[in-house]
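Dumped entry-v2.tsv below, it's TSV, C-alpha atoms:
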```tsv
chain	number	residue	atom	x	y	z
B	16	MET	CA	0.00	0.00	0.00
B	17	LEU	CA	1.08	3.56	-0.66
B	18	THR	CA	2.25	5.93	2.05
B	19	LYS	CA	0.63	9.37	2.30
B	20	GLU	CA	3.68	10.83	0.56
B	21	GLN	CA	3.34	8.36	-2.33
B	22	ILE	CA	-0.35	9.21	-2.72
B	23	ALA	CA	0.64	12.88	-3.00
B	24	GLN	CA	3.43	12.02	-5.43
B	25	ARG	CA	1.02	10.11	-7.69
B	26	ILE	CA	-1.52	12.95	-7.62
B	27	ALA	CA	1.21	15.41	-8.62
B	28	GLN	CA	1.38	13.53	-11.94
B	29	GLU	CA	-2.16	14.79	-12.68
B	30	VAL	CA	-1.12	18.45	-12.48
B	31	GLU	CA	-1.05	20.36	-15.77
B	32	ASN	CA	0.90	23.44	-16.78
B	33	GLY	CA	-0.84	26.78	-16.17
B	34	GLN	CA	-3.31	25.50	-13.58
B	35	TYR	CA	-4.52	27.28	-10.46
B	36	ILE	CA	-4.81	24.59	-7.79
B	37	ASN	CA	-6.34	24.44	-4.31
B	38	LEU	CA	-4.91	21.87	-1.91
B	39	GLY	CA	-7.16	20.63	0.89
B	40	ILE	CA	-6.13	19.74	4.43
B	41	GLY	CA	-4.20	16.52	5.09
B	42	ILE	CA	-2.63	14.43	2.31
B	43	PRO	CA	-3.41	17.03	-0.40
B	44	THR	CA	-1.04	19.59	1.18
B	45	LEU	CA	1.84	17.17	0.53
B	46	VAL	CA	1.29	17.50	-3.24
B	47	ALA	CA	3.12	20.85	-3.13
B	48	ASN	CA	6.36	18.94	-2.50
B	49	TYR	CA	6.08	16.82	-5.66
B	50	ILE	CA	4.93	19.14	-8.45
B	51	PRO	CA	7.46	18.84	-11.30
B	52	SER	CA	9.75	21.87	-11.46
B	53	HIS	CA	9.15	22.40	-15.19
B	54	LEU	CA	5.44	23.10	-14.63
B	55	ASP	CA	4.23	26.65	-14.08
B	56	VAL	CA	1.30	26.30	-11.67
B	57	VAL	CA	-0.10	28.46	-8.86
B	58	LEU	CA	-1.24	26.93	-5.57
B	59	GLN	CA	-4.10	28.76	-3.87
B	60	SER	CA	-5.14	28.68	-0.22
B	61	GLU	CA	-8.60	29.85	0.81
B	62	ASN	CA	-7.24	31.81	3.76
B	63	GLY	CA	-5.81	34.31	1.26
B	64	LEU	CA	-2.68	33.25	-0.60
B	65	LEU	CA	-1.66	32.65	-4.19
B	66	GLY	CA	1.73	31.07	-4.68
B	67	ILE	CA	2.33	28.37	-2.08
B	68	GLY	CA	5.72	26.66	-2.24
B	69	PRO	CA	6.95	23.41	-0.67
B	70	PHE	CA	6.86	22.92	3.09
B	71	PRO	CA	9.63	24.90	4.82
B	72	THR	CA	12.84	23.49	6.19
B	73	GLU	CA	13.70	24.39	9.80
B	74	ASP	CA	15.56	27.55	8.77
B	75	GLN	CA	12.67	28.72	6.52
B	76	ILE	CA	9.80	28.53	9.02
B	77	ASP	CA	7.79	31.74	9.33
B	78	PRO	CA	4.93	31.44	11.89
B	79	ASP	CA	2.99	34.15	10.05
B	80	LEU	CA	2.81	32.09	6.84
B	81	ILE	CA	0.23	29.29	7.12
B	82	ASN	CA	-2.17	27.46	4.85
B	83	ALA	CA	-5.85	26.74	5.51
B	84	GLY	CA	-4.84	23.74	7.63
B	85	LYS	CA	-2.67	25.97	9.87
B	86	GLN	CA	0.55	24.39	8.60
B	87	THR	CA	3.58	26.60	8.05
B	88	ILE	CA	4.39	27.04	4.36
B	89	THR	CA	6.71	28.86	1.98
B	90	MET	CA	5.87	31.36	-0.74
B	91	VAL	CA	7.30	31.33	-4.25
B	92	PRO	CA	8.49	34.53	-6.02
B	93	GLY	CA	5.51	36.58	-7.19
B	94	SER	CA	3.14	35.30	-4.49
B	95	ALA	CA	0.25	37.44	-3.26
B	96	LEU	CA	-1.54	37.77	0.07
B	97	PHE	CA	-5.11	39.05	0.33
B	98	ASN	CA	-8.38	38.91	2.25
B	99	SER	CA	-10.09	35.51	2.46
B	100	SER	CA	-13.21	37.06	0.89
B	101	GLU	CA	-11.20	37.66	-2.30
B	102	SER	CA	-9.94	34.09	-2.10
B	103	PHE	CA	-13.50	32.75	-2.02
B	104	ALA	CA	-14.46	35.06	-4.87
B	105	MET	CA	-11.78	33.31	-6.93
B	106	ILE	CA	-13.16	29.91	-5.93
B	107	ARG	CA	-16.85	30.75	-6.45
B	108	GLY	CA	-16.02	32.50	-9.71
B	109	GLY	CA	-14.71	29.24	-11.15
B	110	HIS	CA	-11.08	30.38	-11.42
B	111	VAL	CA	-9.62	27.30	-9.69
B	112	HIS	CA	-8.85	24.61	-12.26
B	113	LEU	CA	-8.11	21.75	-9.91
B	114	THR	CA	-9.06	21.01	-6.30
B	115	ILE	CA	-7.37	18.17	-4.42
B	116	LEU	CA	-9.28	17.12	-1.29
B	117	GLY	CA	-9.26	14.45	1.36
B	118	ALA	CA	-12.43	12.45	2.00
B	119	MET	CA	-13.99	10.19	4.59
B	120	GLU	CA	-16.29	8.64	1.97
B	121	VAL	CA	-16.86	8.80	-1.79
B	122	SER	CA	-19.87	7.26	-3.52
B	123	GLU	CA	-19.90	5.50	-6.89
B	124	ASN	CA	-21.79	8.52	-8.29
B	125	GLY	CA	-18.97	10.88	-7.31
B	126	ASP	CA	-20.57	12.27	-4.12
B	127	ILE	CA	-18.08	13.25	-1.42
B	128	ALA	CA	-18.40	13.33	2.37
B	129	ASN	CA	-15.44	15.03	4.01
B	130	TRP	CA	-16.52	17.59	6.58
B	131	LYS	CA	-18.45	16.02	9.46
B	132	ILE	CA	-18.87	12.82	11.47
B	133	PRO	CA	-22.16	13.00	13.43
B	134	GLY	CA	-21.52	13.31	17.16
B	135	LYS	CA	-18.02	14.72	16.76
B	136	MET	CA	-17.36	18.42	17.27
B	137	VAL	CA	-16.27	20.36	14.19
B	138	LYS	CA	-15.69	24.09	13.86
B	139	GLY	CA	-17.47	24.25	10.49
B	140	MET	CA	-17.26	22.93	6.96
B	141	GLY	CA	-14.48	25.33	5.97
B	142	GLY	CA	-14.13	25.95	2.26
B	143	ALA	CA	-14.90	22.41	1.11
B	144	MET	CA	-18.47	23.03	-0.04
B	145	ASP	CA	-17.45	26.08	-2.08
B	146	LEU	CA	-14.57	24.15	-3.62
B	147	VAL	CA	-16.56	21.08	-4.68
B	148	ALA	CA	-19.30	23.29	-6.12
B	149	SER	CA	-16.96	25.49	-8.14
B	150	ALA	CA	-13.75	23.70	-9.19
B	151	LYS	CA	-13.49	22.42	-12.75
B	152	ASN	CA	-11.81	19.18	-11.66
B	153	ILE	CA	-11.76	17.42	-8.28
B	154	ILE	CA	-9.31	14.70	-7.28
B	155	VAL	CA	-9.64	12.95	-3.92
B	156	ALA	CA	-6.67	11.73	-1.90
B	157	MET	CA	-7.71	9.16	0.69
B	158	GLN	CA	-7.17	5.88	2.46
B	159	HIS	CA	-9.15	3.13	0.71
B	160	CYS	CA	-10.49	1.73	4.00
B	161	SER	CA	-11.17	3.03	7.49
B	162	LYS	CA	-9.06	2.01	10.49
B	163	ASP	CA	-11.48	-0.84	11.22
B	164	GLY	CA	-11.15	-2.15	7.65
B	165	GLN	CA	-14.43	-0.82	6.21
B	166	SER	CA	-14.42	0.41	2.62
B	167	LYS	CA	-14.65	4.18	2.13
B	168	LEU	CA	-15.64	3.79	-1.54
B	169	LEU	CA	-19.36	3.10	-1.28
B	170	PRO	CA	-22.59	2.72	-3.28
B	171	SER	CA	-23.78	5.84	-1.42
B	172	CYS	CA	-22.30	7.99	1.34
B	173	SER	CA	-23.50	7.37	4.89
B	174	LEU	CA	-21.95	10.56	6.30
B	175	PRO	CA	-23.21	14.12	5.66
B	176	ILE	CA	-22.47	14.95	2.04
B	177	THR	CA	-20.21	17.85	1.06
B	178	GLY	CA	-20.94	17.76	-2.67
B	179	ILE	CA	-22.95	15.73	-5.18
B	180	ARG	CA	-21.57	14.13	-8.37
B	181	CYS	CA	-18.41	16.21	-8.27
B	182	VAL	CA	-15.46	13.83	-7.81
B	183	LYS	CA	-13.66	12.93	-11.04
B	184	LYS	CA	-10.72	10.82	-9.80
B	185	ILE	CA	-9.55	9.12	-6.61
B	186	VAL	CA	-6.02	8.20	-5.60
B	187	SER	CA	-6.06	5.90	-2.57
B	188	ASP	CA	-3.34	3.87	-0.89
B	189	LEU	CA	-4.44	0.94	-3.09
B	190	ALA	CA	-5.43	2.33	-6.46
B	191	VAL	CA	-6.17	5.10	-8.95
B	192	LEU	CA	-9.86	5.15	-9.89
B	193	GLU	CA	-12.03	7.35	-12.09
B	194	VAL	CA	-15.71	7.92	-11.38
B	195	ASP	CA	-17.92	6.72	-14.23
B	196	PRO	CA	-20.60	9.34	-15.01
B	197	LYS	CA	-23.08	6.45	-15.18
B	198	GLY	CA	-22.03	5.23	-11.72
B	199	GLY	CA	-19.13	3.12	-10.57
B	200	PHE	CA	-15.39	3.28	-9.89
B	201	ILE	CA	-13.25	2.57	-12.96
B	202	LEU	CA	-10.01	0.93	-11.84
B	203	LYS	CA	-7.13	2.56	-13.76
B	204	GLU	CA	-4.00	1.68	-11.78
B	205	ARG	CA	-3.06	-0.36	-8.73
B	206	ALA	CA	-0.42	0.32	-6.11
B	207	PRO	CA	2.80	-1.70	-6.49
B	208	GLY	CA	2.31	-5.17	-5.04
B	209	VAL	CA	-1.46	-4.77	-4.65
B	210	SER	CA	-3.66	-7.20	-6.59
B	211	VAL	CA	-6.90	-6.48	-8.41
B	212	GLU	CA	-8.56	-9.04	-6.13
B	213	GLU	CA	-7.56	-7.09	-3.01
B	214	ILE	CA	-8.90	-3.84	-4.45
B	215	LYS	CA	-12.13	-5.63	-5.41
B	216	ALA	CA	-12.52	-7.02	-1.89
B	217	LYS	CA	-11.98	-3.61	-0.30
B	218	THR	CA	-14.30	-1.61	-2.57
B	219	ALA	CA	-17.94	-1.67	-1.46
B	220	GLY	CA	-19.20	0.38	-4.41
B	221	LYS	CA	-19.44	-0.86	-7.99
B	222	LEU	CA	-15.94	-1.53	-9.34
B	223	ILE	CA	-15.42	-1.49	-13.10
B	224	ILE	CA	-12.41	-3.47	-14.35
B	225	GLU	CA	-11.49	-3.21	-18.02
B	226	GLY	CA	-8.55	-5.29	-19.26
B	227	GLU	CA	-5.17	-5.53	-17.57
B	228	ILE	CA	-4.68	-3.02	-14.75
B	229	PRO	CA	-1.12	-1.62	-14.65
B	230	GLU	CA	0.85	-0.78	-11.51
B	231	MET	CA	1.41	2.89	-10.70
B	232	LYS	CA	4.72	4.33	-11.84
B	233	PHE	CA	6.82	6.83	-9.91
B	234	ASP	CA	9.69	8.85	-11.36
```
With the file now loaded, output its structure as structure tokens.
Amino acid sequence: MLTKEQIAQRIAQEVENGQYINLGIGIPTLVANYIPSHLDVVLQSENGLLGIGPFPTEDQIDPDLINAGKQTITMVPGSALFNSSESFAMIRGGHVHLTILGAMEVSENGDIANWKIPGKMVKGMGGAMDLVASAKNIIVAMQHCSKDGQSKLLPSCSLPITGIRCVKKIVSDLAVLEVDPKGGFILKERAPGVSVEEIKAKTAGKLIIEGEIPEMKFD
């Protein structure tokens, strides 16, 4: 199975030149460390920053520079800081090309649940609902199963839904999957050493397998 860093590394392969990208809390923030240097992309944070760089080394830490997950970050040359209201205007205006989010559950129709577990205290849904409603492309980074071994890729979400029919692709610790517009998870790649049978056993939603499924490749 992939580590969190390997999930982020695989997602970085989906990044295209010229994109404005929002990275969600958790595994998605690690993607900033793996974006190929030849690509000209701009990472956006909903707390008011364009131009996020890789995570800082010890000598680069600035406590005043944080992302939406309250992690210390770096800024690349040409970065801009602004009010969070302007940041959400960018998001709601459809100017973010790609959003990478974590999830607690994804349904075979592309619904995502990632903001609340009933009975547990949360401070609010953050920017997730705006992001899933507005981004042109949404990729989910997640663990394939919960800690007790239950699949998180389901026929329908059991947790409160963040967005409906919005997820396009999922990169889990077991596989890369695309959401079929007609319903179902299309298996595209498998993690090194992971069999199709294991992925099938750990996917509760409809799994679509077409031909030979290659292993993921890392540069």
Who sits within 10 Å of range 93-105 of chain B, all atoms listed in the file, same chain under 6 positions skipped, as a ChimeraX atom specification: /B:57-68,80,111,142,145-146,149
Surrounding residues of range 205-215 of chain B excluding itself and chain neighbours under 4 positions, 12 Å, only C-alpha atoms, as JSON, numbers by chain: {"B": [16, 17, 18, 21, 22, 25, 159, 160, 166, 167, 168, 185, 186, 187, 188, 189, 190, 191, 192, 200, 201, 219, 220, 221, 222, 223, 224, 225, 226, 227, 228, 229, 230, 231, 232, 233]}
Distance of CA of Gly41 in chain B from CA of Trp130 in chain B, expressed in Å to one decimal place: 12.5 Å
Close residues, Lys197 in chain B itself excluded, 9 Å, all atoms listed in the file, min 3 positions apart in chain, as a list in words: Glu123, Asn124 and Val194 of chain B
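Nearest residue to Met144 in chain B among B:Pro92, B:Gly39, B:Lys217, B:Ser173 is B:Gly39, counting all atoms listed in the file.
For Ile26 in chain B, the residues within 10 Å (counting all atoms listed in the file, excluding itself and residues fewer than 2 positions away along the chain) are B:Glu20, B:Gln21, B:Ile22, B:Ala23, B:Gln24, B:Gln28, B:Glu29, B:Val30, B:Pro43, B:Leu45, B:Val46, B:Tyr49, B:Ile50, B:Ile115, B:Ile154, B:Val155, B:Ala156, B:Lys184, B:Ile185, B:Val186, B:Ser187, B:Val191.
Here CA of Asp195 in chain B stands at a distance of 9.9 Å from CA of Val182 in chain B.
Nearest residue to Gln158 in chain B, choosing from B:Gly117, B:Gly109, B:Pro175, B:Gly134 and counting all atoms listed in the file: B:Gly117.
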